[in-house]
Amino acid sequence: MAPLRLRKTPAVLPLMLAAGLISASAQVATAHPSQTSTNPVAPSASASALPQLVDITKSTGINFSHLSSPEAKYVVESMSGGVALIDYNRDGWPDIYFTNAPSVDMALAGKKARSALYRNNHDGTFTDVSDQAGVATPCWAMGAAVGDYNNDGWPDLLVTCFGGVVLYRNNGNGTLTDVTKQAGLGDDTLWAMGAAFGDYDGDGYADLFVDHYVDLNLNDLPTFGSRPTCKYHAIDVQCGPRGLKGSPDNLYHNNGDGAFTDVSKQAGVDDAPGLYGLTAVWHDFNADGRLDLFVDNDGEPTYLYRNDGNGRFTDIAYNAGVAVDQDGNAQANMGTALGDYNHTGRLSIAITHFNEQYTALFRNDGNMNFTDVSYASGIAQSTTSYVGWGDEFMDFDNDGWDDFFMVNGHVYPQVDSIGMDSKFREPKLLFQNLRDGKFKNISKQVGPAIQELQVSRGVAMGDLFNNGKLDLVIENLEGAPMILASRGGPENHWISLQLEGTKSNRIALNARVTATTGDLVQTKEVLSGGSYLSQNDLRIHFGLGNHDRANKLEIHWPDGTKQVFSNVTADQFYQVTEGKDIVPVNYTHPK
């Protein structure tokens, strides 16, 4: 979230330079035609009527409140707020985990903040099961990621903390157990932020990457406003991260026996310079069958680690065109979303940033080459006044084209006193995919909920109510979260897939699915981590527009095998176990 060198981008720059129950029955450039919407599909007849994003938080029974310090005098008080969707009881209904963090004064007084796990009741409501599940007080919690470290098919929960990580093993009976020490993760005492599971060596077990932020000592905190790096537009603010020492990162290899081994240095991903790591996500960017690793660093260049296939990685972010912006400036790099927004079969990268910067969209041109199309896409122009955090590529209207959503909120409460366009509490933003490589800001056309001013941090998406529409769970730095449900709009078709590996890791992390429906071809992937300190539902969701079936579903499993299913009926949930047939799944709603 570091404010960096301020820059003003002329509006003409793009022209100048020429992203329960289950029963089975670079430069700114205009987008190249070959790399954008190669096969536009006609919109549904009623596509002009947009769905509305409705705030349903109160009706869900969720009464969680994230603690906050009104003055936020220390950087550690501004960064928490990750949220995870995890079907911890495997009933097919996403449950919600909110992280929480104390103020510095609370922590020094020995008081803890209570994180919360809410079980999905299948009727639109949730029940707090934090205590019985055993996950209420993990640590000074920042974010969360979901994996299956022991490969038993039950999703486990990794919480990142100011002071390391906590790994909760899912016992399969509604409880989770802290296995941090026995899993070999207990030596981490640093300020952990983003984390992601992924099987980088292809042995069928998910490995773990954890990035770290600032080297901060509660007993020796930098004084509010005391240094040049503790000023913002001439007012006193919290110190950091600029001016403070950063911390290295960790890659843990899964031994396959319930424990991890730290291989950070030999793998070449230990972040020797000690940059300010925030978000991480695994993906095979060059389609060579090996997972690469993308890491956001706050106020510093990003890392794009190419997997060299021998247990080692090489940072190629500069050569790939994603290390810095189009002008060569490092940006704040907070939240990261991956998505095939232009239907090329390649996942592009969207990154949220500080105000007076812009949300960046790096178009994936293939073979580890990216182009900054932030302005050409229409996203940059609407984002320079906001401090962005969690972000998602999501098909909010099920038309088969991923839209883009981001949440915002400043880090300095004091910003409200200086008359800037940016405020401490900010609205969310939704950009509609125009199917030609461009997006349109439709934030004011989808209802008043996303215009509510809040200090947002994490966001996770998933079909909470198993009705075929994606919902959003937003965690705010102060007070209650916001649950946004899609209501109304065109009755477009959809398909949802729950994948399970056999030779591949059991929860199918980084399994990739391509859905072909007429001329509409989409690609999505099961991802751990991403957004900002948050975790999406692990199910794959495709909007199909006015098509009532998918002509072909092609699943690329992490172990390299492929399955193809034809003529798959829409408006249905499916279970696919690697090597077996596709099976419809019906979720029973209480009457």
# chains A, B, ... in the order shown; residues from 1 in each chain; ligands from 1

call {"tool": "residues_around", "arguments": {"residues": "region 194-211 of chain A", "least_positions_apart": "3", "cutoff": "6 Å", "atoms": "only C-alpha atoms", "output": "PyMOL selection string"}}
result
chain A and resi 147+149+249-254+277-281+291+504-505+528-529+533

call {"tool": "write_last_selection", "arguments": {"atoms": "C-alpha atoms", "output": "compact mmCIF listing (two decimals), in the first residue's frame"}}
result
# COMPACT_ATOMS: atom_id res chain seq x y z
CA GLY A 147 -5.36 -26.23 0.45
CA TYR A 149 -1.80 -30.39 2.64
CA ASP A 249 9.58 -15.10 1.68
CA ASN A 250 9.23 -18.85 2.17
CA LEU A 251 8.55 -21.80 -0.10
CA TYR A 252 7.68 -25.00 1.73
CA HIS A 253 7.94 -28.31 -0.14
CA ASN A 254 5.30 -30.84 0.85
CA GLY A 277 5.31 -9.12 -0.12
CA LEU A 278 1.51 -8.95 -0.14
CA THR A 279 -0.16 -11.45 -2.49
CA ALA A 280 0.84 -14.69 -4.21
CA VAL A 281 -0.75 -17.05 -6.71
CA LEU A 291 3.41 -24.12 -12.08
CA SER A 504 -3.48 -35.03 -9.06
CA ASN A 505 -3.90 -33.35 -5.68
CA SER A 528 -5.51 -21.11 -4.00
CA GLY A 529 -5.01 -17.60 -2.64
CA LEU A 533 -5.38 -12.19 1.48

call {"tool": "closest_atom_pairs", "arguments": {"of": "region 491-521 of chain A", "to": "region 470-477 of chain A", "cutoff": "12 Å", "atoms": "only C-alpha atoms", "output": "JSON lines"}}
result
{"residue": "A:Trp494", "atom": "CA", "partner": "A:Leu470", "partner_atom": "CA", "distance": 10.4}
{"residue": "A:Ile495", "atom": "CA", "partner": "A:Leu470", "partner_atom": "CA", "distance": 11.5}
{"residue": "A:Ser496", "atom": "CA", "partner": "A:Leu470", "partner_atom": "CA", "distance": 10.4}

call {"tool": "write_last_selection", "arguments": {"atoms": "C-alpha atoms", "output": "JSON list (two decimals), in the first residue's frame"}}
result
[["chain", "number", "residue", "atom", "x", "y", "z"],
["A", 494, "TRP", "CA", -24.51, -21.48, -16.34],
["A", 495, "ILE", "CA", -22.57, -24.59, -15.33],
["A", 496, "SER", "CA", -20.69, -25.26, -12.07]]

call {"tool": "residues_around", "arguments": {"residues": "region 156-170 of chain A", "least_positions_apart": "5", "cutoff": "6 Å", "atoms": "only C-alpha atoms", "output": "ChimeraX atom specification"}}
result
/A:139-148,176-180,188-193

call {"tool": "write_last_selection", "arguments": {"atoms": "all heavy atoms", "output": "compact mmCIF listing (two decimals), in the first residue's frame"}}
result
# COMPACT_ATOMS: atom_id res chain seq x y z
N CYS A 139 -4.37 -16.22 15.79
CA CYS A 139 -3.22 -15.35 15.84
C CYS A 139 -3.71 -13.93 15.57
O CYS A 139 -4.90 -13.68 15.46
CB CYS A 139 -2.19 -15.75 14.78
SG CYS A 139 -2.88 -15.74 13.08
N TRP A 140 -2.77 -13.02 15.41
CA TRP A 140 -3.06 -11.68 14.88
C TRP A 140 -3.23 -11.90 13.37
O TRP A 140 -2.30 -11.84 12.60
CB TRP A 140 -1.90 -10.75 15.18
CG TRP A 140 -2.11 -9.31 14.84
CD1 TRP A 140 -2.79 -8.79 13.78
CD2 TRP A 140 -1.60 -8.19 15.58
NE1 TRP A 140 -2.75 -7.42 13.79
CE2 TRP A 140 -2.02 -7.02 14.90
CE3 TRP A 140 -0.84 -8.05 16.72
CZ2 TRP A 140 -1.69 -5.73 15.33
CZ3 TRP A 140 -0.50 -6.77 17.16
CH2 TRP A 140 -0.93 -5.64 16.47
N ALA A 141 -4.44 -12.19 12.97
CA ALA A 141 -4.68 -12.77 11.65
C ALA A 141 -4.76 -11.72 10.54
O ALA A 141 -5.41 -10.68 10.71
CB ALA A 141 -5.96 -13.60 11.67
N MET A 142 -4.16 -12.04 9.43
CA MET A 142 -4.16 -11.18 8.25
C MET A 142 -5.08 -11.76 7.16
O MET A 142 -6.08 -11.18 6.81
CB MET A 142 -2.73 -11.03 7.71
CG MET A 142 -1.83 -10.24 8.64
SD MET A 142 -2.25 -8.48 8.62
CE MET A 142 -1.85 -8.04 10.31
N GLY A 143 -4.69 -12.91 6.63
CA GLY A 143 -5.45 -13.49 5.53
C GLY A 143 -5.55 -14.99 5.66
O GLY A 143 -5.15 -15.59 6.67
N ALA A 144 -6.10 -15.62 4.63
CA ALA A 144 -6.30 -17.07 4.66
C ALA A 144 -6.23 -17.64 3.25
O ALA A 144 -6.56 -16.96 2.27
CB ALA A 144 -7.65 -17.41 5.29
N ALA A 145 -5.80 -18.88 3.17
CA ALA A 145 -5.78 -19.63 1.92
C ALA A 145 -6.22 -21.06 2.21
O ALA A 145 -6.08 -21.55 3.34
CB ALA A 145 -4.38 -19.63 1.30
N VAL A 146 -6.75 -21.71 1.19
CA VAL A 146 -7.26 -23.07 1.35
C VAL A 146 -6.41 -24.04 0.53
O VAL A 146 -6.07 -23.76 -0.63
CB VAL A 146 -8.74 -23.15 0.90
CG1 VAL A 146 -9.24 -24.60 0.90
CG2 VAL A 146 -9.62 -22.29 1.82
N GLY A 147 -6.07 -25.15 1.13
CA GLY A 147 -5.36 -26.23 0.45
C GLY A 147 -5.75 -27.55 1.09
O GLY A 147 -6.63 -27.60 1.94
N ASP A 148 -5.09 -28.61 0.67
CA ASP A 148 -5.30 -29.93 1.27
C ASP A 148 -3.92 -30.53 1.45
O ASP A 148 -3.46 -31.35 0.66
CB ASP A 148 -6.18 -30.79 0.35
CG ASP A 148 -6.42 -32.19 0.91
OD1 ASP A 148 -6.10 -32.43 2.09
OD2 ASP A 148 -6.92 -33.04 0.15
N LEU A 176 -11.30 -28.54 13.26
CA LEU A 176 -9.99 -28.37 12.67
C LEU A 176 -8.96 -28.30 13.78
O LEU A 176 -9.25 -27.79 14.87
CB LEU A 176 -9.92 -27.12 11.79
CG LEU A 176 -10.82 -27.13 10.55
CD1 LEU A 176 -12.16 -26.46 10.83
CD2 LEU A 176 -10.13 -26.43 9.37
N THR A 177 -7.76 -28.80 13.54
CA THR A 177 -6.71 -28.85 14.56
C THR A 177 -5.49 -28.08 14.09
O THR A 177 -5.06 -28.21 12.94
CB THR A 177 -6.31 -30.32 14.84
OG1 THR A 177 -7.44 -31.03 15.33
CG2 THR A 177 -5.19 -30.38 15.87
N ASP A 178 -4.94 -27.27 14.99
CA ASP A 178 -3.72 -26.53 14.70
C ASP A 178 -2.55 -27.51 14.63
O ASP A 178 -2.16 -28.11 15.64
CB ASP A 178 -3.49 -25.49 15.80
CG ASP A 178 -2.25 -24.63 15.57
OD1 ASP A 178 -1.44 -24.97 14.70
OD2 ASP A 178 -2.10 -23.62 16.29
N VAL A 179 -2.00 -27.68 13.42
CA VAL A 179 -0.89 -28.61 13.23
C VAL A 179 0.36 -27.88 12.74
O VAL A 179 1.24 -28.47 12.11
CB VAL A 179 -1.27 -29.73 12.22
CG1 VAL A 179 -2.37 -30.61 12.78
CG2 VAL A 179 -1.68 -29.13 10.87
N THR A 180 0.44 -26.60 13.05
CA THR A 180 1.51 -25.76 12.52
C THR A 180 2.89 -26.33 12.83
O THR A 180 3.74 -26.44 11.93
CB THR A 180 1.39 -24.33 13.10
OG1 THR A 180 0.06 -23.86 12.92
CG2 THR A 180 2.36 -23.40 12.40
N ASP A 188 8.32 -19.94 11.51
CA ASP A 188 8.01 -18.65 10.91
C ASP A 188 7.47 -17.71 11.97
O ASP A 188 6.40 -17.94 12.54
CB ASP A 188 6.98 -18.83 9.79
CG ASP A 188 6.73 -17.54 9.01
OD1 ASP A 188 7.23 -16.47 9.41
OD2 ASP A 188 6.02 -17.61 7.98
N THR A 189 8.20 -16.65 12.26
CA THR A 189 7.75 -15.64 13.23
C THR A 189 7.60 -14.28 12.58
O THR A 189 7.42 -13.27 13.27
CB THR A 189 8.74 -15.54 14.40
OG1 THR A 189 10.03 -15.17 13.88
CG2 THR A 189 8.85 -16.87 15.14
N LEU A 190 7.67 -14.24 11.24
CA LEU A 190 7.62 -12.97 10.52
C LEU A 190 6.18 -12.54 10.25
O LEU A 190 5.23 -13.28 10.54
CB LEU A 190 8.40 -13.10 9.21
CG LEU A 190 9.86 -13.52 9.34
CD1 LEU A 190 10.48 -13.71 7.96
CD2 LEU A 190 10.65 -12.50 10.15
N TRP A 191 6.03 -11.37 9.69
CA TRP A 191 4.72 -10.84 9.35
C TRP A 191 4.29 -11.45 8.02
O TRP A 191 4.67 -10.98 6.95
CB TRP A 191 4.77 -9.32 9.29
CG TRP A 191 3.45 -8.65 8.99
CD1 TRP A 191 2.27 -9.23 8.68
CD2 TRP A 191 3.20 -7.24 9.00
NE1 TRP A 191 1.29 -8.30 8.48
CE2 TRP A 191 1.84 -7.05 8.67
CE3 TRP A 191 4.00 -6.13 9.23
CZ2 TRP A 191 1.26 -5.79 8.56
CZ3 TRP A 191 3.43 -4.87 9.14
CH2 TRP A 191 2.07 -4.71 8.81
N ALA A 192 3.52 -12.52 8.07
CA ALA A 192 3.08 -13.23 6.87
C ALA A 192 1.83 -12.56 6.30
O ALA A 192 0.92 -12.18 7.04
CB ALA A 192 2.80 -14.69 7.18
N MET A 193 1.76 -12.48 4.99
CA MET A 193 0.61 -11.85 4.33
C MET A 193 -0.05 -12.83 3.35
O MET A 193 -0.89 -13.61 3.71
CB MET A 193 1.06 -10.56 3.63
CG MET A 193 1.46 -9.46 4.61
SD MET A 193 0.11 -8.86 5.64
CE MET A 193 -0.76 -7.82 4.50

call {"tool": "residues_around", "arguments": {"residues": "Gln563 (chain A)", "least_positions_apart": "2", "cutoff": "8 Å", "atoms": "only C-alpha atoms", "output": "list in words"}}
result
Glu554, Ile555, His556, Thr561, Phe565 and Gly579 of chain A

call {"tool": "select_by_dssp", "arguments": {"residues": "region 158-385 of chain A", "states": "strand (DSSP E)", "output": "VMD selection string"}}
result
chain A and resid 158 to 161 164 to 170 176 to 178 192 to 198 207 to 212 231 to 232 235 to 236 250 to 254 260 to 262 277 to 283 292 to 297 303 to 307 313 to 315 336 to 339 348 to 351 360 to 366 369 to 372

call {"tool": "select_by_dssp", "arguments": {"residues": "region 243-346 of chain A", "states": "helix (DSSP H, G or I)", "output": "PyMOL selection string"}}
result
chain A and resi 264-267+317-320

call {"tool": "atom_distance", "arguments": {"atom1": "CA of Ala550 (chain A)", "atom2": "CA of Gly366 (chain A)"}}
result
25.7 Å

call {"tool": "decode", "arguments": {"residues": "region 490-504 of chain A", "atoms": "all heavy atoms", "output": "JSON list (two decimals), in the first residue's frame"}}
result
[["chain", "number", "residue", "atom", "x", "y", "z"],
["A", 490, "PRO", "N", -30.73, -10.58, -16.84],
["A", 490, "PRO", "CA", -31.10, -11.63, -17.80],
["A", 490, "PRO", "C", -30.95, -13.02, -17.19],
["A", 490, "PRO", "O", -30.05, -13.27, -16.39],
["A", 490, "PRO", "CB", -30.12, -11.41, -18.95],
["A", 490, "PRO", "CG", -28.96, -10.71, -18.33],
["A", 490, "PRO", "CD", -29.52, -9.84, -17.26],
["A", 491, "GLU", "N", -31.84, -13.92, -17.58],
["A", 491, "GLU", "CA", -31.77, -15.31, -17.07],
["A", 491, "GLU", "C", -30.81, -16.11, -17.94],
["A", 491, "GLU", "O", -31.21, -17.03, -18.67],
["A", 491, "GLU", "CB", -33.17, -15.93, -17.06],
["A", 491, "GLU", "CG", -34.09, -15.33, -16.00],
["A", 491, "GLU", "CD", -33.57, -15.54, -14.59],
["A", 491, "GLU", "OE1", -32.99, -16.62, -14.33],
["A", 491, "GLU", "OE2", -33.72, -14.62, -13.76],
["A", 492, "ASN", "N", -29.55, -15.78, -17.83],
["A", 492, "ASN", "CA", -28.54, -16.50, -18.60],
["A", 492, "ASN", "C", -28.25, -17.86, -17.97],
["A", 492, "ASN", "O", -28.48, -18.08, -16.79],
["A", 492, "ASN", "CB", -27.25, -15.67, -18.66],
["A", 492, "ASN", "CG", -27.36, -14.49, -19.60],
["A", 492, "ASN", "OD1", -28.04, -14.56, -20.63],
["A", 492, "ASN", "ND2", -26.69, -13.40, -19.26],
["A", 493, "HIS", "N", -27.74, -18.76, -18.79],
["A", 493, "HIS", "CA", -27.44, -20.12, -18.35],
["A", 493, "HIS", "C", -26.04, -20.19, -17.73],
["A", 493, "HIS", "O", -25.22, -19.28, -17.90],
["A", 493, "HIS", "CB", -27.56, -21.09, -19.52],
["A", 493, "HIS", "CG", -28.94, -21.15, -20.11],
["A", 493, "HIS", "ND1", -30.00, -21.74, -19.46],
["A", 493, "HIS", "CD2", -29.43, -20.69, -21.30],
["A", 493, "HIS", "CE1", -31.09, -21.64, -20.21],
["A", 493, "HIS", "NE2", -30.77, -21.01, -21.33],
["A", 494, "TRP", "N", -25.76, -21.31, -17.06],
["A", 494, "TRP", "CA", -24.51, -21.48, -16.34],
["A", 494, "TRP", "C", -24.23, -22.96, -16.12],
["A", 494, "TRP", "O", -25.11, -23.81, -16.24],
["A", 494, "TRP", "CB", -24.58, -20.76, -14.98],
["A", 494, "TRP", "CG", -25.75, -21.22, -14.17],
["A", 494, "TRP", "CD1", -27.02, -20.72, -14.21],
["A", 494, "TRP", "CD2", -25.79, -22.31, -13.24],
["A", 494, "TRP", "NE1", -27.85, -21.42, -13.36],
["A", 494, "TRP", "CE2", -27.12, -22.40, -12.74],
["A", 494, "TRP", "CE3", -24.84, -23.22, -12.76],
["A", 494, "TRP", "CZ2", -27.52, -23.35, -11.81],
["A", 494, "TRP", "CZ3", -25.22, -24.18, -11.82],
["A", 494, "TRP", "CH2", -26.55, -24.23, -11.36],
["A", 495, "ILE", "N", -22.99, -23.25, -15.76],
["A", 495, "ILE", "CA", -22.57, -24.59, -15.33],
["A", 495, "ILE", "C", -21.56, -24.42, -14.22],
["A", 495, "ILE", "O", -20.71, -23.53, -14.26],
["A", 495, "ILE", "CB", -21.96, -25.39, -16.51],
["A", 495, "ILE", "CG1", -23.05, -25.99, -17.39],
["A", 495, "ILE", "CG2", -21.05, -26.50, -16.00],
["A", 495, "ILE", "CD1", -22.53, -26.74, -18.60],
["A", 496, "SER", "N", -21.64, -25.29, -13.18],
["A", 496, "SER", "CA", -20.69, -25.26, -12.07],
["A", 496, "SER", "C", -20.07, -26.64, -11.89],
["A", 496, "SER", "O", -20.77, -27.66, -11.95],
["A", 496, "SER", "CB", -21.39, -24.83, -10.78],
["A", 496, "SER", "OG", -20.47, -24.78, -9.71],
["A", 497, "LEU", "N", -18.75, -26.68, -11.65],
["A", 497, "LEU", "CA", -18.01, -27.94, -11.56],
["A", 497, "LEU", "C", -17.24, -28.03, -10.25],
["A", 497, "LEU", "O", -16.50, -27.11, -9.89],
["A", 497, "LEU", "CB", -17.01, -28.06, -12.71],
["A", 497, "LEU", "CG", -17.54, -27.97, -14.14],
["A", 497, "LEU", "CD1", -16.38, -27.94, -15.11],
["A", 497, "LEU", "CD2", -18.47, -29.13, -14.45],
["A", 498, "GLN", "N", -17.44, -29.12, -9.53],
["A", 498, "GLN", "CA", -16.60, -29.47, -8.38],
["A", 498, "GLN", "C", -15.63, -30.55, -8.84],
["A", 498, "GLN", "O", -16.04, -31.64, -9.23],
["A", 498, "GLN", "CB", -17.45, -29.99, -7.23],
["A", 498, "GLN", "CG", -16.65, -30.46, -6.02],
["A", 498, "GLN", "CD", -16.10, -29.30, -5.21],
["A", 498, "GLN", "OE1", -16.85, -28.47, -4.72],
["A", 498, "GLN", "NE2", -14.79, -29.24, -5.08],
["A", 499, "LEU", "N", -14.34, -30.26, -8.80],
["A", 499, "LEU", "CA", -13.33, -31.18, -9.30],
["A", 499, "LEU", "C", -12.63, -31.88, -8.14],
["A", 499, "LEU", "O", -12.39, -31.29, -7.09],
["A", 499, "LEU", "CB", -12.30, -30.44, -10.15],
["A", 499, "LEU", "CG", -12.84, -29.63, -11.33],
["A", 499, "LEU", "CD1", -11.68, -29.00, -12.10],
["A", 499, "LEU", "CD2", -13.68, -30.49, -12.26],
["A", 500, "GLU", "N", -12.28, -33.15, -8.36],
["A", 500, "GLU", "CA", -11.52, -33.91, -7.38],
["A", 500, "GLU", "C", -10.44, -34.71, -8.08],
["A", 500, "GLU", "O", -10.71, -35.48, -9.01],
["A", 500, "GLU", "CB", -12.43, -34.86, -6.59],
["A", 500, "GLU", "CG", -11.67, -35.65, -5.53],
["A", 500, "GLU", "CD", -12.57, -36.56, -4.73],
["A", 500, "GLU", "OE1", -13.74, -36.75, -5.11],
["A", 500, "GLU", "OE2", -12.10, -37.11, -3.71],
["A", 501, "GLY", "N", -9.21, -34.51, -7.66],
["A", 501, "GLY", "CA", -8.10, -35.23, -8.27],
["A", 501, "GLY", "C", -7.93, -36.62, -7.67],
["A", 501, "GLY", "O", -8.39, -36.91, -6.57],
["A", 502, "THR", "N", -7.25, -37.47, -8.41],
["A", 502, "THR", "CA", -6.86, -38.79, -7.90],
["A", 502, "THR", "C", -5.33, -38.89, -7.98],
["A", 502, "THR", "O", -4.66, -38.88, -6.96],
["A", 502, "THR", "CB", -7.53, -39.92, -8.70],
["A", 502, "THR", "OG1", -7.33, -39.72, -10.11],
["A", 502, "THR", "CG2", -9.03, -39.96, -8.42],
["A", 503, "LYS", "N", -4.79, -38.93, -9.18],
["A", 503, "LYS", "CA", -3.34, -38.81, -9.32],
["A", 503, "LYS", "C", -2.90, -37.39, -9.02],
["A", 503, "LYS", "O", -1.83, -37.16, -8.46],
["A", 503, "LYS", "CB", -2.91, -39.20, -10.74],
["A", 503, "LYS", "CG", -3.13, -40.67, -11.08],
["A", 503, "LYS", "CD", -2.66, -40.98, -12.49],
["A", 503, "LYS", "CE", -2.86, -42.44, -12.84],
["A", 503, "LYS", "NZ", -2.43, -42.75, -14.23],
["A", 504, "SER", "N", -3.72, -36.43, -9.41],
["A", 504, "SER", "CA", -3.48, -35.03, -9.06],
["A", 504, "SER", "C", -3.88, -34.80, -7.61],
["A", 504, "SER", "O", -4.51, -35.66, -6.98],
["A", 504, "SER", "CB", -4.30, -34.10, -9.97],
["A", 504, "SER", "OG", -4.00, -34.32, -11.32]]
